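Asker: The structure that follows is given in the form of structure tokens.
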There are 2 protein chains.
Amino acid sequence: MPMTGPRYPDLIARLPATVPFVGPEVQERMRGAPFRARLGANESVFGPSPKAIEAMRAEAAEAWKYPDSKSQDLMQALSAQLGVGMENIIVGEGIDGLLGNLVRLLVAPGDPVVTSDGAYPTFNYHVAGFGGVLHKVPFKDDHEEPEALMATAREVGAKIVYLSNPDNPMGSWHPGERIEAALDALPDCTLLVLDEAYIEFAPDGTAPRIDADDPRVIRFRTFSKAHGLAGARVGYGIAAPDLIQSFDKVRNHFGMSRVSQAGALAALNDPGWLADVVARTAQARERIAQIARENGLTPLPSATNFVTVDCGRDAGFARAVLEALADEGVFVRMPFAAPGNRAIRIGAGTPADLDILADALPRALDAARG
Amino acid sequence: MPMTGPRYPDLIARLPATVPFVGPEVQERMRGAPFRARLGANESVFGPSPKAIEAMRAEAAEAWKYPDSKSQDLMQALSAQLGVGMENIIVGEGIDGLLGNLVRLLVAPGDPVVTSDGAYPTFNYHVAGFGGVLHKVPFKDDHEEPEALMATAREVGAKIVYLSNPDNPMGSWHPGERIEAALDALPDCTLLVLDEAYIEFAPDGTAPRIDADDPRVIRFRTFSKAHGLAGARVGYGIAAPDLIQSFDKVRNHFGMSRVSQAGALAALNDPGWLADVVARTAQARERIAQIARENGLTPLPSATNFVTVDCGRDAGFARAVLEALADEGVFVRMPFAAPGNRAIRIGAGTPADLDILADALPRALDAARG
């Protein structure tokens, strides 16, 4: 057999084979046992709407058909609910998939891109993958700082500036007005990527008022969080028609699961379930905060489906707590960058999940201290 | 509102917003009525295994969890069934998604790529999308011509040469030995993409014997055709470990639907259903051939789940027949390039589907002639 293999372009040859996150199933295989409480991936343990489950079950028998390349039914429902035109919406394989397409559309090798240090690593993965140069702005008081992001974007001439509101992994948020004000400082020809994956959990007024036709912004939302459909891979973007249409240059047109399209549509049409999930998530956040305080830790305010808990020491200690929790069968994650990495990030669990957490955390802290 | 929008790199600015295929749902919306027989997308009308449907239904309630980023259970089952190592397999969002990743891994702007004129347009879409330069080799006697593809690959110094066996859209095939022989003529550092989407329908011996560790080849297979899961978006590649691992540089790691992973695994574990589908597909091909002959047309031999039917005149006539069939509610497609575009491509339907075809075709031919 010949030994020659394919020739990779320089950009690809230099890229590491990596993964933005080590998934819980991978960790379970490494530890040789399933987790007892799955609280690390910001999933909705309350599950999707029963109507979404029923819609997916019904569509399973139709899975021999390719999906509708335009996700028309879902697009129409989104258009009606959001009050924006269908020409302002792109549906894709989760925000992850859409971020990949967006970076491909805008970032050529060497192009500058701005984000916060410790913000969503999958965005960074895509930027690196297309040869972009990342400029990272520190969090300030555990918040992404819109004004500093804009200033850096101006300084480096960024193609894209990424901002999540509410943010992951700290759970913090800004009122919409602050985003609107920062937008005035966005440099010409820089696109603001506003990641609103957690917006359904946030207080009223967190979403800025931005015209869907505004060419300076694309906002992303998802069915993975409040709608409980992370495994279905459905996200969407809202932006000006020119940018939306550009996705048709590069996207995998028939890439959506047909079953997922049906599930997302049914989820969107069940606002009662959504409201219930949001309420149960708020209760779970309270309980996590209480458990944290009972153990001498400091829960940070959260407008998401997780609570980031300051462990009160350095990153090494937080890492030790995380690992001791994993030994107890409790899957959590932690912020990647300082100063957030003094904390662990605990997802809103069911009452049973949080009983396990309450039981395990004292022992995990002992182990981490010992 | 400001008028400035994002700055696109030259490559992107020059790309058309396009779609490799106009999907049947899009066509149904354009014509204002559903098709009576859906025979144009090479789907399996016989559906997925009932066990796959059941597995997807069960997994729907678990759709709140992100998918396993490694598709481990499916990978293990594929590894066992194919007799190749897990390090030789990559699972992705259909062959379409994997082709996109592969082209991204190998093709820099200006790089030459070779395919057959009229072969899979989604591959061409990805090559254009990454700035590759396509060189097209004509079909010969309604077959892709491996020797000519290799010769052109050598002449232009191709990064990739694409070959499907059996092929779409003609349905023709070569014995595996001919692919093996052609591989000897593959230039150094050119990768052969062997698309075996239809291999389950083909006679024994159609799949060439290629060592999974051979660095010169990646072969793609899918759950979209014989397994009846086109809407689930699950395909896989078999190649040397170095190339397989490279996908981890660029792929959407959490891009698979969790429900689809479960469906594909169950489908793989139901060889009886697969055999039944293959048998019913062969019967349908016979019936299509008979209907074609009864109408004075010439069915071409097929090792796929469709029959390409020579309409006996030029591309304009074939197009007229296709459009007249659509007016009758029968969705078929036709090859894009000469000389295949003298034909229409009819998918293996259920007996009820083919009754509709048999009824509609004489009128469609009259309309096309008139």
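By convention in this document, the chains of the structure tokens carry letters A, B, ... by their order, each chain's residues are numbered from 1, and ligands are numbered from 1 in the order they are shown.
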May I have chain A as a short mmCIF file (atom, residue, chain, number, x, y, z; two decimals) with C-alpha atoms, in the first residue's frame, after a least-squares superposition on chain B that uses all C-alpha atoms paired in order?
Answerer:
data_model
loop_
_atom_site.label_atom_id
_atom_site.label_comp_id
_atom_site.auth_asym_id
_atom_site.auth_seq_id
_atom_site.Cartn_x
_atom_site.Cartn_y
_atom_site.Cartn_z
CA MET A 1 -30.47 52.83 10.57
CA PRO A 2 -27.00 52.63 9.04
CA MET A 3 -26.72 51.14 5.61
CA THR A 4 -23.36 49.50 6.04
CA GLY A 5 -23.32 45.75 6.16
CA PRO A 6 -20.63 43.15 6.64
CA ARG A 7 -17.60 42.90 4.38
CA TYR A 8 -17.45 39.56 2.61
CA PRO A 9 -14.14 38.05 1.51
CA ASP A 10 -13.74 37.99 -2.29
CA LEU A 11 -14.41 34.26 -2.55
CA ILE A 12 -17.72 34.61 -0.75
CA ALA A 13 -18.71 37.81 -2.54
CA ARG A 14 -18.34 36.01 -5.87
CA LEU A 15 -20.35 32.93 -4.86
CA PRO A 16 -23.96 32.70 -5.98
CA ALA A 17 -26.67 32.03 -3.41
CA THR A 18 -27.79 28.73 -4.79
CA VAL A 19 -29.06 25.29 -3.95
CA PRO A 20 -27.84 22.08 -5.57
CA PHE A 21 -31.41 20.75 -5.83
CA VAL A 22 -34.85 22.27 -5.64
CA GLY A 23 -36.47 20.06 -3.02
CA PRO A 24 -39.88 18.44 -3.49
CA GLU A 25 -41.52 20.52 -0.76
CA VAL A 26 -40.33 23.69 -2.49
CA GLN A 27 -41.75 22.42 -5.79
CA GLU A 28 -45.02 21.53 -4.09
CA ARG A 29 -45.33 25.04 -2.76
CA MET A 30 -44.57 26.46 -6.21
CA ARG A 31 -47.20 24.28 -7.87
CA GLY A 32 -49.68 24.79 -5.05
CA ALA A 33 -50.41 21.11 -4.51
CA PRO A 34 -48.66 18.06 -3.08
CA PHE A 35 -47.22 15.43 -5.39
CA ARG A 36 -49.16 12.16 -5.68
CA ALA A 37 -45.99 10.13 -6.19
CA ARG A 38 -42.64 11.25 -4.72
CA LEU A 39 -40.14 9.53 -7.02
CA GLY A 40 -37.54 12.21 -7.67
CA ALA A 41 -35.19 12.36 -4.71
CA ASN A 42 -33.88 8.77 -4.66
CA GLU A 43 -35.45 8.24 -1.28
CA SER A 44 -36.59 4.84 -0.04
CA VAL A 45 -40.39 4.94 -0.17
CA PHE A 46 -40.38 1.68 1.77
CA GLY A 47 -39.31 3.67 4.78
CA PRO A 48 -36.88 2.90 7.58
CA SER A 49 -36.91 -0.33 9.57
CA PRO A 50 -39.77 -0.45 12.07
CA LYS A 51 -37.04 -0.97 14.64
CA ALA A 52 -35.43 2.30 13.56
CA ILE A 53 -38.77 4.10 13.85
CA GLU A 54 -39.26 2.64 17.31
CA ALA A 55 -35.75 3.66 18.36
CA MET A 56 -36.31 7.23 17.15
CA ARG A 57 -39.65 7.38 18.96
CA ALA A 58 -38.02 6.21 22.17
CA GLU A 59 -35.16 8.69 21.82
CA ALA A 60 -37.49 11.65 21.14
CA ALA A 61 -38.09 12.04 24.87
CA GLU A 62 -34.31 12.21 25.38
CA ALA A 63 -33.90 14.98 22.83
CA TRP A 64 -33.13 17.48 25.61
CA LYS A 65 -29.63 15.98 25.78
CA TYR A 66 -26.95 17.04 23.34
CA PRO A 67 -25.85 14.21 21.08
CA ASP A 68 -22.81 12.12 21.81
CA SER A 69 -20.14 14.08 19.94
CA LYS A 70 -18.44 10.86 18.89
CA SER A 71 -21.55 8.87 17.86
CA GLN A 72 -19.84 6.08 19.78
CA ASP A 73 -22.59 3.45 19.74
CA LEU A 74 -23.13 3.86 16.03
CA MET A 75 -19.40 3.88 15.36
CA GLN A 76 -18.92 0.64 17.27
CA ALA A 77 -21.70 -1.05 15.34
CA LEU A 78 -20.32 0.20 12.03
CA SER A 79 -16.84 -0.93 12.99
CA ALA A 80 -18.09 -4.43 13.78
CA GLN A 81 -20.22 -4.71 10.67
CA LEU A 82 -17.63 -3.29 8.28
CA GLY A 83 -14.69 -5.05 9.87
CA VAL A 84 -12.66 -1.86 10.10
CA GLY A 85 -11.32 -0.01 13.11
CA MET A 86 -13.22 2.82 14.73
CA GLU A 87 -10.23 5.00 13.86
CA ASN A 88 -11.17 4.40 10.21
CA ILE A 89 -14.72 5.80 10.49
CA ILE A 90 -16.19 9.28 10.59
CA VAL A 91 -19.93 9.76 11.13
CA GLY A 92 -21.53 12.99 9.95
CA GLU A 93 -24.66 14.81 8.87
CA GLY A 94 -25.20 12.81 5.70
CA ILE A 95 -22.68 12.40 2.91
CA ASP A 96 -23.55 16.01 2.00
CA GLY A 97 -22.19 17.26 5.30
CA LEU A 98 -19.14 15.04 5.16
CA LEU A 99 -18.35 16.13 1.60
CA GLY A 100 -18.43 19.73 2.79
CA ASN A 101 -15.99 18.95 5.57
CA LEU A 102 -13.73 16.97 3.26
CA VAL A 103 -13.54 19.69 0.63
CA ARG A 104 -12.77 22.22 3.35
CA LEU A 105 -9.98 19.98 4.63
CA LEU A 106 -8.30 19.61 1.25
CA VAL A 107 -9.25 22.34 -1.18
CA ALA A 108 -7.73 25.80 -1.01
CA PRO A 109 -8.80 28.51 -3.48
CA GLY A 110 -7.55 27.64 -6.95
CA ASP A 111 -6.93 23.97 -6.22
CA PRO A 112 -7.99 21.59 -8.99
CA VAL A 113 -10.64 18.95 -8.41
CA VAL A 114 -11.93 16.34 -10.85
CA THR A 115 -15.39 14.87 -11.23
CA SER A 116 -17.67 13.60 -13.98
CA ASP A 117 -19.80 16.06 -15.93
CA GLY A 118 -23.28 15.49 -14.57
CA ALA A 119 -22.24 13.75 -11.35
CA TYR A 120 -23.38 14.75 -7.87
CA PRO A 121 -23.98 18.53 -7.85
CA THR A 122 -23.69 18.88 -4.09
CA PHE A 123 -20.04 17.88 -4.33
CA ASN A 124 -19.56 20.56 -6.98
CA TYR A 125 -21.34 23.06 -4.74
CA HIS A 126 -18.86 22.44 -1.94
CA VAL A 127 -15.86 22.64 -4.28
CA ALA A 128 -17.05 25.97 -5.66
CA GLY A 129 -17.80 27.13 -2.12
CA PHE A 130 -14.17 26.68 -1.07
CA GLY A 131 -12.79 28.16 -4.28
CA GLY A 132 -11.72 24.93 -5.94
CA VAL A 133 -11.51 24.67 -9.72
CA LEU A 134 -13.63 21.86 -11.12
CA HIS A 135 -12.49 19.80 -14.07
CA LYS A 136 -15.30 17.68 -15.51
CA VAL A 137 -14.84 14.44 -17.41
CA PRO A 138 -17.71 13.30 -19.65
CA PHE A 139 -19.66 10.15 -18.92
CA LYS A 140 -18.90 7.40 -21.43
CA ASP A 141 -21.74 5.10 -22.49
CA ASP A 142 -23.75 6.42 -19.54
CA HIS A 143 -21.00 5.42 -17.09
CA GLU A 144 -18.52 7.45 -15.13
CA GLU A 145 -15.15 6.51 -16.60
CA PRO A 146 -12.58 5.75 -13.91
CA GLU A 147 -9.58 5.69 -16.25
CA ALA A 148 -10.44 9.07 -17.77
CA LEU A 149 -11.00 10.54 -14.32
CA MET A 150 -7.57 9.36 -13.22
CA ALA A 151 -5.95 10.68 -16.38
CA THR A 152 -7.48 14.11 -15.86
CA ALA A 153 -6.55 14.06 -12.19
CA ARG A 154 -2.95 13.44 -13.22
CA GLU A 155 -3.05 16.12 -15.90
CA VAL A 156 -4.34 18.86 -13.62
CA GLY A 157 -2.73 17.69 -10.35
CA ALA A 158 -6.07 17.26 -8.64
CA LYS A 159 -6.49 17.42 -4.88
CA ILE A 160 -9.59 15.23 -5.11
CA VAL A 161 -11.13 13.01 -7.74
CA TYR A 162 -14.78 12.13 -7.20
CA LEU A 163 -16.25 8.85 -8.40
CA SER A 164 -19.57 7.31 -7.47
CA ASN A 165 -20.17 3.60 -7.85
CA PRO A 166 -23.00 2.87 -8.49
CA ASP A 167 -23.46 6.32 -9.92
CA ASN A 168 -26.17 8.90 -9.67
CA PRO A 169 -27.89 10.05 -11.89
CA MET A 170 -27.45 7.27 -14.47
CA GLY A 171 -27.72 4.28 -12.14
CA SER A 172 -24.78 2.56 -13.84
CA TRP A 173 -21.96 0.77 -12.07
CA HIS A 174 -18.59 -0.85 -12.50
CA PRO A 175 -17.33 -4.09 -10.99
CA GLY A 176 -15.10 -3.42 -8.02
CA GLU A 177 -12.08 -4.74 -9.91
CA ARG A 178 -12.29 -1.86 -12.32
CA ILE A 179 -12.14 0.65 -9.48
CA GLU A 180 -9.23 -1.24 -7.96
CA ALA A 181 -7.37 -1.14 -11.25
CA ALA A 182 -8.06 2.55 -11.73
CA LEU A 183 -6.74 3.24 -8.27
CA ASP A 184 -3.32 2.13 -9.47
CA ALA A 185 -3.41 5.11 -11.82
CA LEU A 186 -4.36 7.61 -9.12
CA PRO A 187 -1.72 10.34 -8.98
CA ASP A 188 0.34 10.71 -5.82
CA CYS A 189 -1.33 13.00 -3.32
CA THR A 190 -4.70 12.94 -5.04
CA LEU A 191 -7.48 11.62 -2.85
CA LEU A 192 -10.12 9.40 -4.41
CA VAL A 193 -13.58 10.12 -3.04
CA LEU A 194 -15.55 6.97 -3.69
CA ASP A 195 -19.24 7.69 -3.14
CA GLU A 196 -21.00 4.40 -2.43
CA ALA A 197 -24.36 5.81 -1.39
CA TYR A 198 -26.19 3.14 -3.39
CA ILE A 199 -23.86 0.21 -2.73
CA GLU A 200 -26.48 -1.88 -0.89
CA PHE A 201 -28.55 -2.09 -4.09
CA ALA A 202 -25.66 -3.19 -6.29
CA PRO A 203 -24.63 -6.69 -7.33
CA ASP A 204 -22.04 -8.49 -5.24
CA GLY A 205 -18.57 -7.48 -6.31
CA THR A 206 -19.46 -3.84 -7.01
CA ALA A 207 -17.60 -2.63 -3.93
CA PRO A 208 -13.85 -2.65 -4.59
CA ARG A 209 -11.55 -4.24 -2.05
CA ILE A 210 -9.73 -1.28 -0.54
CA ASP A 211 -7.83 -1.41 2.72
CA ALA A 212 -9.41 1.02 5.17
CA ASP A 213 -5.90 2.25 6.00
CA ASP A 214 -5.17 3.10 2.37
CA PRO A 215 -4.33 6.83 2.47
CA ARG A 216 -5.42 7.36 -1.14
CA VAL A 217 -9.15 6.80 -0.70
CA ILE A 218 -12.13 7.85 1.37
CA ARG A 219 -15.36 5.98 0.72
CA PHE A 220 -18.70 7.39 1.75
CA ARG A 221 -21.86 5.51 2.65
CA THR A 222 -25.18 6.60 4.00
CA PHE A 223 -28.36 5.74 5.87
CA SER A 224 -30.32 7.91 3.43
CA LYS A 225 -30.84 5.32 0.71
CA ALA A 226 -31.33 1.60 1.46
CA HIS A 227 -31.80 2.29 5.18
CA GLY A 228 -34.60 4.75 4.42
CA LEU A 229 -33.38 7.52 6.71
CA ALA A 230 -32.75 10.44 4.33
CA GLY A 231 -34.54 12.80 6.71
CA ALA A 232 -32.32 11.78 9.62
CA ARG A 233 -29.06 12.97 8.01
CA VAL A 234 -26.60 10.24 8.84
CA GLY A 235 -23.71 9.30 6.61
CA TYR A 236 -20.24 7.95 7.23
CA GLY A 237 -16.80 7.86 5.70
CA ILE A 238 -14.20 5.09 5.77
CA ALA A 239 -10.55 6.14 5.39
CA ALA A 240 -7.09 6.08 6.89
CA PRO A 241 -6.86 7.28 10.51
CA ASP A 242 -4.94 10.45 9.66
CA LEU A 243 -7.67 11.70 7.35
CA ILE A 244 -10.45 10.57 9.68
CA GLN A 245 -8.85 12.44 12.56
CA SER A 246 -8.57 15.56 10.44
CA PHE A 247 -12.35 15.88 10.40
CA ASP A 248 -12.07 16.75 14.09
CA LYS A 249 -10.32 19.96 13.02
CA VAL A 250 -13.36 21.36 11.27
CA ARG A 251 -16.54 19.40 11.91
CA ASN A 252 -19.48 20.52 13.99
CA HIS A 253 -18.69 18.15 16.85
CA PHE A 254 -22.15 18.22 18.35
CA GLY A 255 -23.91 18.43 14.98
CA MET A 256 -25.65 15.05 14.84
CA SER A 257 -29.25 14.70 15.90
CA ARG A 258 -29.47 12.40 18.90
CA VAL A 259 -32.70 10.90 17.54
CA SER A 260 -30.97 10.23 14.22
CA GLN A 261 -28.05 8.50 15.93
CA ALA A 262 -30.51 6.14 17.61
CA GLY A 263 -32.40 5.52 14.37
CA ALA A 264 -29.28 4.74 12.37
CA LEU A 265 -28.01 2.31 15.01
CA ALA A 266 -31.30 0.42 15.02
CA ALA A 267 -31.41 0.38 11.22
CA LEU A 268 -27.91 -1.08 11.08
CA ASN A 269 -29.00 -3.82 13.44
CA ASP A 270 -31.93 -4.88 11.24
CA PRO A 271 -30.35 -6.59 8.21
CA GLY A 272 -33.60 -8.38 7.48
CA TRP A 273 -35.38 -5.12 6.77
CA LEU A 274 -32.49 -3.99 4.61
CA ALA A 275 -32.65 -7.18 2.55
CA ASP A 276 -36.39 -6.77 2.16
CA VAL A 277 -36.00 -3.18 0.97
CA VAL A 278 -33.35 -4.21 -1.52
CA ALA A 279 -35.68 -6.93 -2.88
CA ARG A 280 -38.69 -4.62 -3.12
CA THR A 281 -36.51 -1.98 -4.76
CA ALA A 282 -35.39 -4.52 -7.39
CA GLN A 283 -39.04 -5.37 -8.09
CA ALA A 284 -39.85 -1.68 -8.43
CA ARG A 285 -36.97 -1.21 -10.88
CA GLU A 286 -38.40 -4.04 -13.00
CA ARG A 287 -41.82 -2.46 -12.97
CA ILE A 288 -40.44 0.97 -13.93
CA ALA A 289 -38.51 -0.63 -16.78
CA GLN A 290 -41.67 -2.37 -17.95
CA ILE A 291 -43.71 0.84 -17.79
CA ALA A 292 -40.99 2.65 -19.72
CA ARG A 293 -40.86 0.02 -22.45
CA GLU A 294 -44.66 -0.04 -22.73
CA ASN A 295 -44.41 3.65 -23.51
CA GLY A 296 -41.69 3.25 -26.11
CA LEU A 297 -38.91 4.49 -23.83
CA THR A 298 -35.61 2.81 -22.96
CA PRO A 299 -34.84 2.01 -19.33
CA LEU A 300 -31.14 1.97 -18.52
CA PRO A 301 -29.71 -0.79 -16.33
CA SER A 302 -29.56 0.30 -12.70
CA ALA A 303 -27.80 -0.84 -9.53
CA THR A 304 -29.51 1.84 -7.44
CA ASN A 305 -32.99 2.68 -6.13
CA PHE A 306 -33.97 4.50 -9.31
CA VAL A 307 -34.16 3.84 -13.03
CA THR A 308 -32.92 6.38 -15.52
CA VAL A 309 -35.16 6.25 -18.56
CA ASP A 310 -33.93 7.37 -21.97
CA CYS A 311 -36.76 9.42 -23.50
CA GLY A 312 -35.28 8.96 -26.96
CA ARG A 313 -34.94 12.59 -27.96
CA ASP A 314 -33.05 15.62 -26.69
CA ALA A 315 -32.83 17.32 -23.30
CA GLY A 316 -35.69 19.64 -24.15
CA PHE A 317 -37.99 16.69 -24.69
CA ALA A 318 -36.91 14.98 -21.47
CA ARG A 319 -37.50 18.25 -19.64
CA ALA A 320 -40.99 18.47 -21.17
CA VAL A 321 -41.77 14.90 -20.04
CA LEU A 322 -40.55 15.73 -16.54
CA GLU A 323 -42.71 18.84 -16.40
CA ALA A 324 -45.75 17.04 -17.75
CA LEU A 325 -45.27 14.36 -15.09
CA ALA A 326 -45.08 17.06 -12.45
CA ASP A 327 -48.36 18.45 -13.77
CA GLU A 328 -49.75 14.97 -13.21
CA GLY A 329 -48.45 15.05 -9.63
CA VAL A 330 -45.50 12.74 -10.27
CA PHE A 331 -42.20 14.09 -8.97
CA VAL A 332 -39.15 12.87 -10.88
CA ARG A 333 -35.82 14.48 -11.73
CA MET A 334 -33.43 14.32 -14.70
CA PRO A 335 -29.68 14.34 -15.23
CA PHE A 336 -28.20 17.83 -15.48
CA ALA A 337 -25.65 17.25 -18.24
CA ALA A 338 -25.43 15.79 -21.75
CA PRO A 339 -25.74 13.06 -22.80
CA GLY A 340 -27.62 11.90 -19.67
CA ASN A 341 -30.08 14.74 -19.95
CA ARG A 342 -31.95 12.93 -22.71
CA ALA A 343 -33.38 10.89 -19.84
CA ILE A 344 -35.53 11.22 -16.75
CA ARG A 345 -34.73 9.58 -13.43
CA ILE A 346 -37.56 7.69 -11.73
CA GLY A 347 -37.27 6.43 -8.17
CA ALA A 348 -38.30 2.97 -7.02
CA GLY A 349 -41.87 3.55 -5.82
CA THR A 350 -44.38 1.48 -3.96
CA PRO A 351 -46.77 -0.50 -6.19
CA ALA A 352 -49.31 2.29 -5.63
CA ASP A 353 -46.77 4.95 -6.66
CA LEU A 354 -45.97 3.03 -9.81
CA ASP A 355 -49.67 2.59 -10.64
CA ILE A 356 -49.84 6.38 -10.65
CA LEU A 357 -46.75 6.53 -12.85
CA ALA A 358 -48.16 3.95 -15.26
CA ASP A 359 -51.37 5.93 -15.50
CA ALA A 360 -49.71 9.33 -15.90
CA LEU A 361 -46.80 8.58 -18.20
CA PRO A 362 -48.79 8.11 -21.45
CA ARG A 363 -50.53 11.46 -20.95
CA ALA A 364 -47.25 13.13 -20.00
CA LEU A 365 -45.61 11.83 -23.17
CA ASP A 366 -48.53 13.04 -25.24
CA ALA A 367 -48.26 16.45 -23.64
CA ALA A 368 -44.51 16.57 -24.21
CA ARG A 369 -44.91 15.60 -27.86
CA GLY A 370 -47.77 17.98 -28.41
#
Asker: Tell me, which residues of range 144-268 of chain B carry DSSP strand (DSSP E), written as a list in words?
Answerer: Ile160, Val161, Tyr162, Leu163, Ser164, Leu191, Leu192, Val193, Leu194, Asp195, Val217, Ile218, Arg219, Phe220, Arg221, Thr222, Gly235, Tyr236, Gly237 and Ile238 of chain B
